$ cat work-v6.csv   # CSV, C-alpha atoms
chain,number,residue,atom,x,y,z
A,1,GLN,CA,-45.2,-35.1,-3.1
A,2,THR,CA,-43.2,-35.2,0.2
A,3,VAL,CA,-39.4,-35.0,-0.3
A,4,TRP,CA,-36.5,-35.4,2.1
A,5,MET,CA,-32.7,-35.7,2.3
A,6,GLU,CA,-30.8,-38.2,4.4
A,7,CYS,CA,-27.2,-39.4,4.8
A,8,VAL,CA,-26.8,-43.1,3.8
A,9,PRO,CA,-23.9,-45.5,3.9
A,10,GLU,CA,-22.2,-46.6,0.7
A,11,ASN,CA,-24.3,-49.7,0.5
A,12,TYR,CA,-27.8,-48.5,1.1
A,13,LEU,CA,-31.3,-49.8,0.3
A,14,ARG,CA,-32.5,-48.1,-2.9
A,15,SER,CA,-35.9,-49.8,-3.1
A,16,LEU,CA,-38.0,-52.4,-1.3
A,17,ARG,CA,-40.9,-54.6,-2.5
A,18,ILE,CA,-43.0,-56.5,0.0
A,19,THR,CA,-45.5,-59.0,-1.5
A,20,PRO,CA,-47.8,-60.8,1.0
A,21,LYS,CA,-48.7,-64.4,0.1
A,22,PRO,CA,-51.5,-65.2,2.6
A,23,GLU,CA,-52.4,-68.4,0.7
A,24,GLU,CA,-48.9,-69.6,1.6
A,25,ASN,CA,-48.7,-68.1,5.1
A,26,ALA,CA,-45.7,-66.2,3.8
A,27,VAL,CA,-44.4,-62.8,2.8
A,28,HIS,CA,-41.8,-62.2,0.0
A,29,ILE,CA,-39.2,-59.4,0.4
A,30,ARG,CA,-37.2,-58.1,-2.6
A,31,LEU,CA,-34.7,-55.2,-2.2
A,32,GLU,CA,-32.2,-53.4,-4.3
A,33,ALA,CA,-28.8,-52.3,-3.2
A,34,ASP,CA,-25.2,-52.5,-4.4
A,35,ASP,CA,-24.8,-55.5,-2.2
A,36,PRO,CA,-28.2,-56.9,-1.4
A,37,ALA,CA,-27.1,-60.3,0.0
A,38,MET,CA,-27.3,-61.3,3.6
A,39,ALA,CA,-29.6,-58.5,4.7
A,40,ALA,CA,-31.4,-59.3,7.9
A,41,VAL,CA,-35.2,-59.3,7.7
A,42,THR,CA,-37.3,-59.2,10.8
A,43,ILE,CA,-41.1,-59.4,11.0
A,44,CYS,CA,-42.8,-58.1,14.2
A,45,ARG,CA,-46.1,-57.4,15.8
A,46,ASP,CA,-46.8,-55.7,19.1
A,47,GLY,CA,-43.1,-55.6,19.8
A,48,GLY,CA,-42.5,-59.3,19.4
A,49,ILE,CA,-40.5,-61.0,16.6
A,50,ILE,CA,-42.6,-63.6,14.7
A,51,ALA,CA,-40.3,-64.3,11.8
A,52,GLU,CA,-36.6,-63.7,10.8
A,53,GLY,CA,-34.5,-64.4,7.8
A,54,GLN,CA,-31.8,-63.2,5.4
A,55,THR,CA,-31.8,-62.2,1.7
A,56,ASP,CA,-30.0,-64.2,-0.9
A,57,GLU,CA,-27.5,-62.9,-3.5
A,58,ASN,CA,-30.4,-61.4,-5.4
A,59,GLY,CA,-31.8,-59.5,-2.4
A,60,GLU,CA,-34.8,-61.7,-2.0
A,61,SER,CA,-36.2,-63.6,1.0
A,62,THR,CA,-39.5,-65.4,1.7
A,63,LEU,CA,-40.5,-65.6,5.4
A,64,THR,CA,-43.2,-67.9,6.8
A,65,ILE,CA,-45.7,-66.4,9.2
A,66,PRO,CA,-46.6,-69.0,11.9
A,67,ALA,CA,-50.2,-70.1,11.4
A,68,GLU,CA,-51.1,-68.9,14.9
A,69,LYS,CA,-49.8,-65.4,14.1
A,70,LEU,CA,-51.5,-65.1,10.8
A,71,ARG,CA,-54.1,-62.4,10.6
A,72,LEU,CA,-55.6,-61.2,7.3
A,73,TRP,CA,-56.0,-57.5,6.4
A,74,SER,CA,-59.5,-56.2,5.5
A,75,PRO,CA,-61.3,-52.8,5.9
A,76,GLU,CA,-63.1,-54.3,8.9
A,77,GLU,CA,-59.8,-55.5,10.5
A,78,PRO,CA,-56.9,-53.5,9.0
A,79,PHE,CA,-54.2,-55.6,10.8
A,80,LEU,CA,-50.6,-54.6,9.9
A,81,TYR,CA,-47.2,-56.3,10.5
A,82,ASP,CA,-44.0,-54.4,11.1
A,83,ALA,CA,-40.9,-55.2,9.0
A,84,ALA,CA,-37.3,-54.2,9.4
A,85,ILE,CA,-34.5,-54.7,6.9
A,86,THR,CA,-30.8,-54.2,7.8
A,87,LEU,CA,-28.2,-54.4,5.1
A,88,ALA,CA,-24.7,-55.7,5.6
A,89,GLY,CA,-23.3,-52.1,5.5
A,90,GLY,CA,-25.6,-51.1,8.3
A,91,ASP,CA,-28.4,-49.3,6.4
A,92,LYS,CA,-31.7,-50.0,8.1
A,93,VAL,CA,-35.2,-49.4,6.8
A,94,GLU,CA,-38.4,-50.0,8.8
A,95,SER,CA,-41.7,-50.6,7.0
A,96,TYR,CA,-45.0,-52.5,7.3
A,97,PHE,CA,-47.3,-54.8,5.4
A,98,GLY,CA,-50.7,-56.5,5.6
A,99,MET,CA,-51.6,-60.1,4.6
A,100,ARG,CA,-54.3,-59.8,1.9
A,101,ALA,CA,-55.0,-61.0,-1.6
A,102,PHE,CA,-57.2,-59.6,-4.4
A,103,GLY,CA,-58.8,-61.6,-7.2
A,104,ILE,CA,-61.9,-62.4,-9.3
A,105,GLY,CA,-64.1,-65.3,-8.6
A,106,LYS,CA,-67.8,-66.4,-8.6
A,107,ASP,CA,-70.2,-66.1,-5.8
A,108,GLU,CA,-72.8,-68.7,-4.7
A,109,LYS,CA,-75.0,-67.7,-7.6
A,110,GLY,CA,-72.2,-68.2,-10.1
A,111,LEU,CA,-71.7,-64.5,-10.8
A,112,PRO,CA,-68.2,-63.0,-11.2
A,113,GLN,CA,-67.3,-60.8,-8.2
A,114,LEU,CA,-64.3,-59.0,-6.8
A,115,LEU,CA,-62.5,-61.1,-4.2
A,116,LEU,CA,-60.8,-60.1,-1.0
A,117,ASN,CA,-58.8,-62.9,0.6
A,118,GLY,CA,-60.5,-65.5,-1.6
A,119,LYS,CA,-64.1,-64.4,-0.8
A,120,PRO,CA,-66.6,-62.2,-2.7
A,121,TYR,CA,-66.4,-58.7,-1.2
A,122,PHE,CA,-68.6,-55.8,-2.5
A,123,GLN,CA,-66.6,-52.6,-2.8
A,124,ASN,CA,-68.8,-49.6,-2.0
A,125,GLY,CA,-66.8,-46.5,-3.0
A,126,LEU,CA,-66.5,-42.8,-3.7
A,127,LEU,CA,-64.7,-40.9,-6.4
A,128,ASP,CA,-61.9,-38.9,-4.6
A,129,GLN,CA,-60.1,-36.2,-6.6
A,130,GLY,CA,-58.0,-35.0,-3.7
A,131,TYR,CA,-58.4,-31.3,-4.2
A,132,TRP,CA,-58.3,-28.8,-1.3
A,133,SER,CA,-59.8,-25.3,-1.1
A,134,ASP,CA,-56.7,-23.9,0.6
A,135,GLY,CA,-54.0,-25.9,-1.1
A,136,TYR,CA,-55.3,-27.2,-4.4
A,137,TYR,CA,-53.4,-30.5,-4.8
A,138,THR,CA,-51.8,-30.2,-1.4
A,139,ALA,CA,-53.7,-31.0,1.8
A,140,PRO,CA,-53.3,-28.5,4.6
A,141,SER,CA,-52.2,-31.1,7.1
A,142,ASP,CA,-51.8,-34.8,7.9
A,143,GLU,CA,-55.0,-34.5,9.9
A,144,ALA,CA,-56.9,-33.3,6.8
A,145,LEU,CA,-55.8,-36.5,4.9
A,146,ILE,CA,-57.1,-38.6,7.8
A,147,HIS,CA,-60.3,-36.6,8.0
A,148,ASP,CA,-61.4,-37.5,4.4
A,149,ILE,CA,-60.7,-41.2,4.9
A,150,ALA,CA,-62.2,-41.5,8.4
A,151,GLU,CA,-65.3,-39.6,7.6
A,152,MET,CA,-66.1,-41.7,4.5
A,153,LYS,CA,-65.5,-44.9,6.5
A,154,ARG,CA,-67.9,-43.5,9.1
A,155,LEU,CA,-70.5,-43.1,6.4
A,156,GLY,CA,-70.2,-46.8,5.5
A,157,PHE,CA,-67.9,-46.7,2.5
A,158,ASN,CA,-65.0,-49.2,2.2
A,159,MET,CA,-63.3,-47.9,-0.9
A,160,LEU,CA,-62.0,-44.7,-2.5
A,161,ARG,CA,-61.2,-44.3,-6.1
A,162,LYS,CA,-58.2,-41.9,-6.2
A,163,HIS,CA,-59.1,-40.0,-9.4
A,164,ILE,CA,-56.3,-39.1,-11.7
A,165,LYS,CA,-53.9,-38.1,-8.9
A,166,VAL,CA,-51.1,-39.7,-6.9
A,167,GLU,CA,-51.2,-38.7,-3.2
A,168,PRO,CA,-48.3,-38.4,-0.8
A,169,LEU,CA,-47.6,-41.8,0.7
A,170,ARG,CA,-49.0,-40.6,4.0
A,171,TRP,CA,-52.5,-40.8,2.5
A,172,TYR,CA,-52.0,-44.4,1.5
A,173,TYR,CA,-50.6,-45.2,4.9
A,174,HIS,CA,-53.7,-43.9,6.5
A,175,CYS,CA,-55.9,-46.0,4.2
A,176,ASP,CA,-53.8,-49.0,5.2
A,177,ARG,CA,-54.1,-48.5,8.9
A,178,LEU,CA,-57.7,-47.2,9.0
A,179,GLY,CA,-59.0,-49.9,6.5
A,180,MET,CA,-60.0,-48.2,3.3
A,181,LEU,CA,-59.6,-50.0,-0.1
A,182,VAL,CA,-58.1,-47.9,-2.9
A,183,TRP,CA,-58.6,-47.9,-6.7
A,184,GLN,CA,-55.7,-45.9,-8.2
A,185,ASP,CA,-56.1,-44.0,-11.4
A,186,MET,CA,-53.1,-43.2,-13.7
A,187,MET,CA,-52.9,-39.5,-14.7
A,188,ASN,CA,-54.4,-38.7,-18.1
A,189,GLY,CA,-52.4,-37.2,-20.9
A,190,GLY,CA,-52.5,-36.4,-24.6
A,191,GLU,CA,-52.9,-33.3,-26.7
A,192,SER,CA,-55.8,-30.9,-27.2
A,193,TYR,CA,-59.1,-32.5,-28.0
A,194,SER,CA,-60.6,-31.8,-31.4
A,195,PRO,CA,-64.4,-31.9,-32.2
A,196,LEU,CA,-63.8,-35.4,-33.6
A,197,SER,CA,-62.7,-36.6,-30.2
A,198,ILE,CA,-63.6,-39.4,-27.9
A,199,TYR,CA,-66.6,-37.4,-26.6
A,200,VAL,CA,-68.3,-37.4,-29.9
A,201,PHE,CA,-68.0,-41.2,-30.3
A,202,SER,CA,-69.1,-41.9,-26.7
A,203,ASN,CA,-72.1,-39.6,-26.9
A,204,LEU,CA,-73.2,-41.5,-30.0
A,205,GLY,CA,-72.8,-44.8,-28.1
A,206,LEU,CA,-69.9,-45.8,-30.3
A,207,ARG,CA,-66.8,-47.6,-29.0
A,208,ILE,CA,-63.7,-47.5,-31.1
A,209,LYS,CA,-60.3,-49.3,-31.0
A,210,ASP,CA,-57.8,-47.3,-29.1
A,211,ASP,CA,-55.0,-47.8,-31.7
A,212,ARG,CA,-56.6,-44.9,-33.7
A,213,TYR,CA,-54.4,-42.4,-31.9
A,214,ARG,CA,-55.7,-39.2,-33.4
A,215,TYR,CA,-59.2,-39.8,-32.1
A,216,PHE,CA,-57.8,-40.1,-28.6
A,217,SER,CA,-55.4,-37.1,-29.0
A,218,ARG,CA,-52.4,-39.4,-28.7
A,219,SER,CA,-50.6,-38.9,-32.0
A,220,ASP,CA,-47.4,-37.9,-30.3
A,221,GLU,CA,-45.1,-41.0,-30.1
A,222,ALA,CA,-42.9,-39.4,-27.5
A,223,GLY,CA,-45.9,-38.7,-25.3
A,224,ARG,CA,-47.0,-42.3,-25.5
A,225,THR,CA,-43.6,-43.6,-24.6
A,226,HIS,CA,-43.5,-41.2,-21.6
A,227,TYR,CA,-46.9,-42.5,-20.4
A,228,TYR,CA,-45.4,-46.0,-20.0
A,229,GLU,CA,-42.4,-44.6,-18.1
A,230,GLU,CA,-44.7,-42.8,-15.6
A,231,LEU,CA,-47.0,-45.7,-15.3
A,232,GLY,CA,-44.1,-47.9,-14.2
A,233,GLN,CA,-42.9,-45.2,-11.8
A,234,MET,CA,-46.4,-45.0,-10.2
A,235,ILE,CA,-46.5,-48.8,-9.7
A,236,ASP,CA,-43.0,-48.8,-8.1
A,237,LEU,CA,-44.1,-46.0,-5.8
A,238,LEU,CA,-47.3,-47.5,-4.6
A,239,TYR,CA,-46.6,-51.3,-4.9
A,240,ASN,CA,-46.3,-51.8,-1.1
A,241,THR,CA,-49.6,-50.1,-0.4
A,242,VAL,CA,-51.7,-52.7,1.5
A,243,SER,CA,-55.1,-51.2,0.6
A,244,LEU,CA,-54.5,-50.7,-3.1
A,245,ALA,CA,-56.8,-53.2,-4.8
A,246,LEU,CA,-57.1,-52.1,-8.5
A,247,TRP,CA,-55.2,-50.1,-11.1
A,248,VAL,CA,-57.1,-47.7,-13.6
A,249,PRO,CA,-54.7,-46.9,-16.4
A,250,PHE,CA,-57.2,-44.9,-18.5
A,251,ASN,CA,-60.4,-43.0,-17.6
A,252,GLU,CA,-63.2,-42.1,-20.1
A,253,GLY,CA,-60.8,-42.4,-23.0
A,254,TRP,CA,-58.8,-39.4,-22.0
A,255,GLY,CA,-55.4,-40.0,-23.5
A,256,GLN,CA,-56.2,-43.6,-24.0
A,257,PHE,CA,-54.2,-45.7,-26.4
A,258,ASP,CA,-53.2,-49.4,-26.8
A,259,ALA,CA,-54.9,-50.4,-23.5
A,260,LYS,CA,-53.9,-54.0,-24.2
A,261,ASN,CA,-50.3,-53.0,-23.9
A,262,ALA,CA,-50.9,-51.1,-20.7
A,263,VAL,CA,-52.6,-54.1,-19.2
A,264,ARG,CA,-49.7,-56.3,-20.2
A,265,LEU,CA,-47.3,-54.0,-18.5
A,266,LEU,CA,-49.4,-53.8,-15.4
A,267,ARG,CA,-49.6,-57.6,-15.3
A,268,ARG,CA,-45.8,-57.9,-15.6
A,269,LEU,CA,-45.0,-55.3,-13.0
A,270,ASP,CA,-47.7,-56.1,-10.5
A,271,PRO,CA,-49.5,-59.5,-10.9
A,272,THR,CA,-51.1,-59.1,-7.4
A,273,ARG,CA,-53.8,-56.6,-8.2
A,274,LEU,CA,-56.9,-56.2,-10.5
A,275,ILE,CA,-57.1,-53.8,-13.5
A,276,ASP,CA,-59.9,-51.6,-14.9
A,277,HIS,CA,-58.2,-50.8,-18.2
A,278,ALA,CA,-60.8,-48.3,-19.5
A,279,SER,CA,-63.0,-46.8,-16.8
A,280,GLY,CA,-66.3,-45.7,-18.3
A,281,TRP,CA,-65.8,-45.7,-22.0
A,282,HIS,CA,-64.1,-47.4,-25.0
A,283,ASP,CA,-63.8,-50.9,-23.4
A,284,GLN,CA,-61.3,-53.0,-25.2
A,285,GLY,CA,-62.3,-56.2,-23.4
A,286,VAL,CA,-58.9,-56.9,-21.9
A,287,SER,CA,-59.0,-56.4,-18.2
A,288,ASP,CA,-60.6,-57.9,-15.1
A,289,VAL,CA,-63.8,-55.8,-15.0
A,290,LYS,CA,-66.5,-54.3,-17.3
A,291,SER,CA,-66.4,-50.7,-16.1
A,292,LEU,CA,-69.4,-48.4,-16.6
A,293,HIS,CA,-70.1,-44.7,-16.0
A,294,VAL,CA,-73.8,-43.9,-15.8
A,295,TYR,CA,-75.2,-40.5,-15.1
A,296,PHE,CA,-78.0,-39.5,-17.4
A,297,LYS,CA,-80.2,-42.6,-17.4
A,298,PRO,CA,-81.3,-45.2,-14.9
A,299,TYR,CA,-78.8,-48.0,-14.4
A,300,ARG,CA,-79.9,-51.6,-14.8
A,301,PHE,CA,-77.5,-54.4,-14.3
A,302,LYS,CA,-76.5,-56.5,-17.3
A,303,PRO,CA,-73.9,-59.3,-17.0
A,304,ASP,CA,-70.8,-58.8,-19.1
A,305,LYS,CA,-70.8,-60.9,-22.3
A,306,LYS,CA,-67.1,-61.7,-21.7
A,307,GLY,CA,-67.8,-63.0,-18.2
A,308,ARG,CA,-66.0,-60.3,-16.3
A,309,ALA,CA,-67.1,-58.7,-13.1
A,310,VAL,CA,-69.2,-55.6,-13.7
A,311,VAL,CA,-68.4,-52.4,-11.8
A,312,LEU,CA,-70.3,-49.1,-11.8
A,313,SER,CA,-67.1,-47.0,-11.6
A,314,GLU,CA,-68.9,-43.6,-11.7
A,315,PHE,CA,-72.5,-42.7,-11.0
A,316,GLY,CA,-74.6,-40.1,-9.1
A,317,GLY,CA,-72.9,-36.8,-8.9
A,318,TYR,CA,-76.0,-35.0,-7.5
A,319,ASN,CA,-75.2,-31.3,-6.8
A,320,LEU,CA,-76.1,-29.1,-3.9
A,321,PRO,CA,-74.5,-25.7,-3.4
A,322,VAL,CA,-74.1,-24.7,0.3
A,323,ALA,CA,-74.1,-20.9,0.8
A,324,GLY,CA,-70.8,-19.6,2.2
A,325,HIS,CA,-69.0,-22.8,1.3
A,326,THR,CA,-68.7,-22.6,-2.5
A,327,TRP,CA,-65.7,-21.7,-4.6
A,328,ASN,CA,-67.5,-19.5,-7.1
A,329,ALA,CA,-71.0,-19.0,-8.6
A,330,LYS,CA,-70.8,-22.1,-10.8
A,331,ASN,CA,-73.0,-25.1,-9.9
A,332,PHE,CA,-71.9,-28.2,-11.8
A,333,GLY,CA,-73.4,-31.6,-11.2
A,334,TYR,CA,-75.5,-34.2,-12.9
A,335,LYS,CA,-78.8,-33.4,-11.1
A,336,GLY,CA,-79.3,-30.4,-8.9
A,337,TYR,CA,-81.1,-29.9,-5.6
A,338,GLN,CA,-81.6,-26.9,-3.4
A,339,THR,CA,-81.9,-28.4,0.1
A,340,PRO,CA,-80.1,-31.1,2.1
A,341,GLU,CA,-83.5,-32.8,2.6
A,342,ALA,CA,-84.2,-33.0,-1.2
A,343,LEU,CA,-80.6,-34.2,-1.8
A,344,GLY,CA,-80.9,-36.9,0.8
A,345,GLU,CA,-84.2,-38.2,-0.5
A,346,ALA,CA,-82.8,-38.3,-4.1
A,347,VAL,CA,-79.7,-40.2,-3.0
A,348,LYS,CA,-81.8,-42.6,-1.0
A,349,THR,CA,-84.1,-43.2,-4.0
A,350,LEU,CA,-81.1,-43.6,-6.4
A,351,TYR,CA,-79.5,-46.4,-4.2
A,352,GLU,CA,-82.8,-48.1,-3.4
A,353,THR,CA,-84.2,-48.2,-7.0
A,354,GLN,CA,-81.0,-48.7,-9.0
A,355,ILE,CA,-77.8,-49.6,-7.1
A,356,ILE,CA,-79.1,-52.0,-4.4
A,357,PRO,CA,-81.1,-54.0,-7.0
A,358,ALA,CA,-78.1,-54.1,-9.3
A,359,ARG,CA,-76.0,-55.3,-6.4
A,360,ARG,CA,-78.5,-58.2,-5.8
A,361,ALA,CA,-78.4,-59.0,-9.5
A,362,GLY,CA,-74.6,-59.3,-9.7
A,363,LEU,CA,-72.9,-55.8,-9.5
A,364,ALA,CA,-69.4,-56.2,-8.0
A,365,ALA,CA,-68.6,-52.6,-7.0
A,366,ASP,CA,-69.9,-49.0,-7.1
A,367,VAL,CA,-68.3,-45.6,-7.1
A,368,TYR,CA,-70.4,-42.5,-6.3
A,369,THR,CA,-69.3,-39.1,-7.6
A,370,GLN,CA,-67.9,-37.7,-5.3
A,371,LEU,CA,-66.3,-37.3,-1.9
A,372,SER,CA,-66.0,-33.5,-1.8
A,373,ASP,CA,-67.0,-30.5,-3.9
A,374,VAL,CA,-64.2,-29.4,-6.3
A,375,GLU,CA,-64.3,-25.7,-7.3
A,376,ASP,CA,-67.1,-25.6,-10.0
A,377,GLU,CA,-68.3,-29.1,-9.1
A,378,VAL,CA,-70.6,-29.0,-6.1
A,379,ASN,CA,-71.6,-32.7,-6.2
A,380,GLY,CA,-69.6,-33.8,-3.2
A,381,PHE,CA,-70.7,-35.5,0.0
A,382,VAL,CA,-68.9,-32.6,1.8
A,383,THR,CA,-68.2,-29.0,0.8
A,384,TYR,CA,-64.9,-28.0,-0.7
A,385,ASP,CA,-63.7,-26.7,2.6
A,386,ARG,CA,-64.8,-29.9,4.4
A,387,ARG,CA,-66.9,-27.8,6.9
A,388,VAL,CA,-70.3,-29.1,5.9
A,389,GLU,CA,-71.5,-32.6,5.4
A,390,LYS,CA,-74.5,-32.7,3.0
A,391,LEU,CA,-75.9,-36.2,3.8
A,392,PRO,CA,-76.8,-37.8,7.1
A,393,GLU,CA,-74.7,-40.6,8.5
A,394,ALA,CA,-77.7,-42.8,9.4
A,395,LEU,CA,-78.9,-42.7,5.7
A,396,MET,CA,-75.5,-43.7,4.2
A,397,ARG,CA,-74.8,-46.4,6.8
A,398,ALA,CA,-78.2,-47.9,6.2
A,399,ILE,CA,-77.4,-48.0,2.4
A,400,ALA,CA,-74.0,-49.5,3.1
A,401,ARG,CA,-75.6,-52.3,5.2
A,402,GLU,CA,-78.0,-53.1,2.3
A,403,LEU,CA,-75.2,-53.3,-0.2
A,404,LYS,CA,-73.1,-55.5,2.1
A,405,GLY,CA,-76.1,-57.8,2.6
A,406,ASP,CA,-76.3,-57.4,6.4

$ encode --input "work-v6.csv" --output "structure tokens"
Amino acid sequence: QTVWMECVPENYLRSLRITPKPEENAVHIRLEADDPAMAAVTICRDGGIIAEGQTDENGESTLTIPAEKLRLWSPEEPFLYDAAITLAGGDKVESYFGMRAFGIGKDEKGLPQLLLNGKPYFQNGLLDQGYWSDGYYTAPSDEALIHDIAEMKRLGFNMLRKHIKVEPLRWYYHCDRLGMLVWQDMMNGGESYSPLSIYVFSNLGLRIKDDRYRYFSRSDEAGRTHYYEELGQMIDLLYNTVSLALWVPFNEGWGQFDAKNAVRLLRRLDPTRLIDHASGWHDQGVSDVKSLHVYFKPYRFKPDKKGRAVVLSEFGGYNLPVAGHTWNAKNFGYKGYQTPEALGEAVKTLYETQIIPARRAGLAADVYTQLSDVEDEVNGFVTYDRRVEKLPEALMRAIARELKGD
């Protein structure tokens, strides 16, 4: 993560939360400081002031955006407003926000869908682990962060699932300004996994309650407590991200426990976003979506018995090693190919025979595995060094148009 040092006055702004309320033509500001009252809040766009106000004794202020100045944020139009907050002691912070809202609702067929600004919006995404061949968890430059987002947007995707990693805030800023929705995973935890682990149960098609801690390698009470602390820290860090649409507290049962409690905490700390409480496995039936990972069999859409929106949160993962651009000799993926032409034809068939029909039947979102190769995993759209794109732009953009319904 990026760190810095700066000199601040005695009364300085410790934290800032910006909550857009597009249904009310308003934005809510909440700040923390020793003396948060009477802070000046200014909302601008293109150098012009469109709203001004002051915080109350609790450090809160709600400003109305004039109707003629209201523009909603979306991947197609990532419109951002500038915000400046100046405390009584002189400390000034400049930030930004977008007017958008996420939710669940029914489409014209009566099927539950993900909503963006009150309307059904199909989220066509990629799994993004954020690894780099020359920096591991650290991107080599700001331009490299931009590259991944911009290239996937060019291919027709409108969402990235940031997989079990929190990026520097620059990455989220680029998603905000370029127009790329984000699903944010919480990091996995727990102890070593025994033979009687979640994998055994899931491979047998069994789903167990996640209060049976030993099966999820979560017997350590201190570790479970620490999970909630870090979950809260992640929410605080990323709360102002405009593009962040959905939280994923647990993935495939890794370190999963008491998902109902995690959902309650998420709802309390951030009621503005959707939740996928158990991505892939061990659904406890408590969040906004029914989340599936399907790799080894054809996917056919089935409505959720609980009436939730259904998302295919992982699928695909077809692998193609590219000579001179691999990390080692290993070649992991869920279905292997030897030429770009064969890979392209397989991906085209996968979307045309499974994903597009599922979308028409009621699927609310999809997440292909994955954006880039990652060491042993060579199932990315691009190689680990980002030098070779394996699939043609025309193919992926045509698929995206079909999924969008254009």

$ closest_atom_pairs --input "work-v6.csv" --of "stretch 78-169 of chain A" --to "stretch 42-53 of chain A" --cutoff "6 Å" --atoms "all atoms listed in the file" --output "tab-separated table"
residue	atom	partner	partner_atom	distance
A:Tyr81	CA	A:Arg45	CA	5.5
A:Asp82	CA	A:Cys44	CA	5.0
A:Ala83	CA	A:Ile43	CA	4.7
A:Ala84	CA	A:Thr42	CA	5.2

$ closest_residue --input "work-v6.csv" --among "A:Asp276, A:Glu345, A:Asp176, A:Glu252" --to "A:Glu76" --atoms "all atoms listed in the file"
A:Asp176

$ closest_residue --input "work-v6.csv" --among "A:Phe301, A:Tyr384, A:Phe332, A:Tyr173" --to "A:Leu145" --atoms "all atoms listed in the file"
A:Tyr173

$ closest_residue --input "work-v6.csv" --among "A:Trp183, A:Gly317, A:Leu244, A:Ala342" --to "A:Ser279" --atoms "all atoms listed in the file"
A:Trp183

$ closest_residue --input "work-v6.csv" --among "A:His282, A:Lys260, A:Lys305, A:Lys290" --to "A:Lys209" --atoms "all atoms listed in the file"
A:His282

$ closest_atom_pairs --input "work-v6.csv" --of "stretch 152-256 of chain A" --to "stretch 116-133 of chain A" --cutoff "8 Å" --atoms "only C-alpha atoms" --output "Markdown table"
| residue | atom | partner | partner_atom | distance |
| --- | --- | --- | --- | --- |
| A:Phe157 | CA | A:Asn124 | CA | 5.4 |
| A:Asn158 | CA | A:Asn124 | CA | 5.7 |
| A:Met159 | CA | A:Gly125 | CA | 4.3 |
| A:Leu160 | CA | A:Leu126 | CA | 5.0 |
| A:Arg161 | CA | A:Leu127 | CA | 4.9 |
| A:Lys162 | CA | A:Asp128 | CA | 5.0 |
| A:His163 | CA | A:Gln129 | CA | 4.8 |
| A:Ile164 | CA | A:Gln129 | CA | 7.0 |
| A:Lys165 | CA | A:Gln129 | CA | 6.9 |
| A:Glu167 | CA | A:Gly130 | CA | 7.8 |
| A:Leu181 | CA | A:Gln123 | CA | 7.9 |

$ residues_around --input "work-v6.csv" --residues "stretch 346-354 of chain A" --least-positions-apart "5" --cutoff "12 Å" --atoms "only C-alpha atoms" --output "ChimeraX atom specification"
/A:124,294-295,297-301,312,315-320,335-341,359-361,363,366-369,379-381,390-392,394-403

$ residues_around --input "work-v6.csv" --residues "A:Trp73" --least-positions-apart "2" --cutoff "8 Å" --atoms "all atoms listed in the file" --output "list in words"
Arg71, Pro75, Glu77, Pro78, Phe79, Leu80, Gly98, Met99 and Arg100 of chain A

$ residues_near_point --input "work-v6.csv" --point "(-45.0, -62.3, 0.0)" --cutoff "10 Å" --atoms "all atoms listed in the file" --output "ChimeraX atom specification"
/A:17-30,61-64,97-100

$ closest_residue --input "work-v6.csv" --among "A:Ala259, A:Val182, A:Ala358, A:Ile275" --to "A:Tyr213" --atoms "all atoms listed in the file"
A:Ala259

$ axis_aligned_box --input "work-v6.csv" --around "stretch 93-102 of chain A" --padding-each-side "4 Å" --output "AutoDock Vina command-line options"
--center_x -46.2 --center_y -55.2 --center_z 2.2 --size_x 30.0 --size_y 19.6 --size_z 21.2
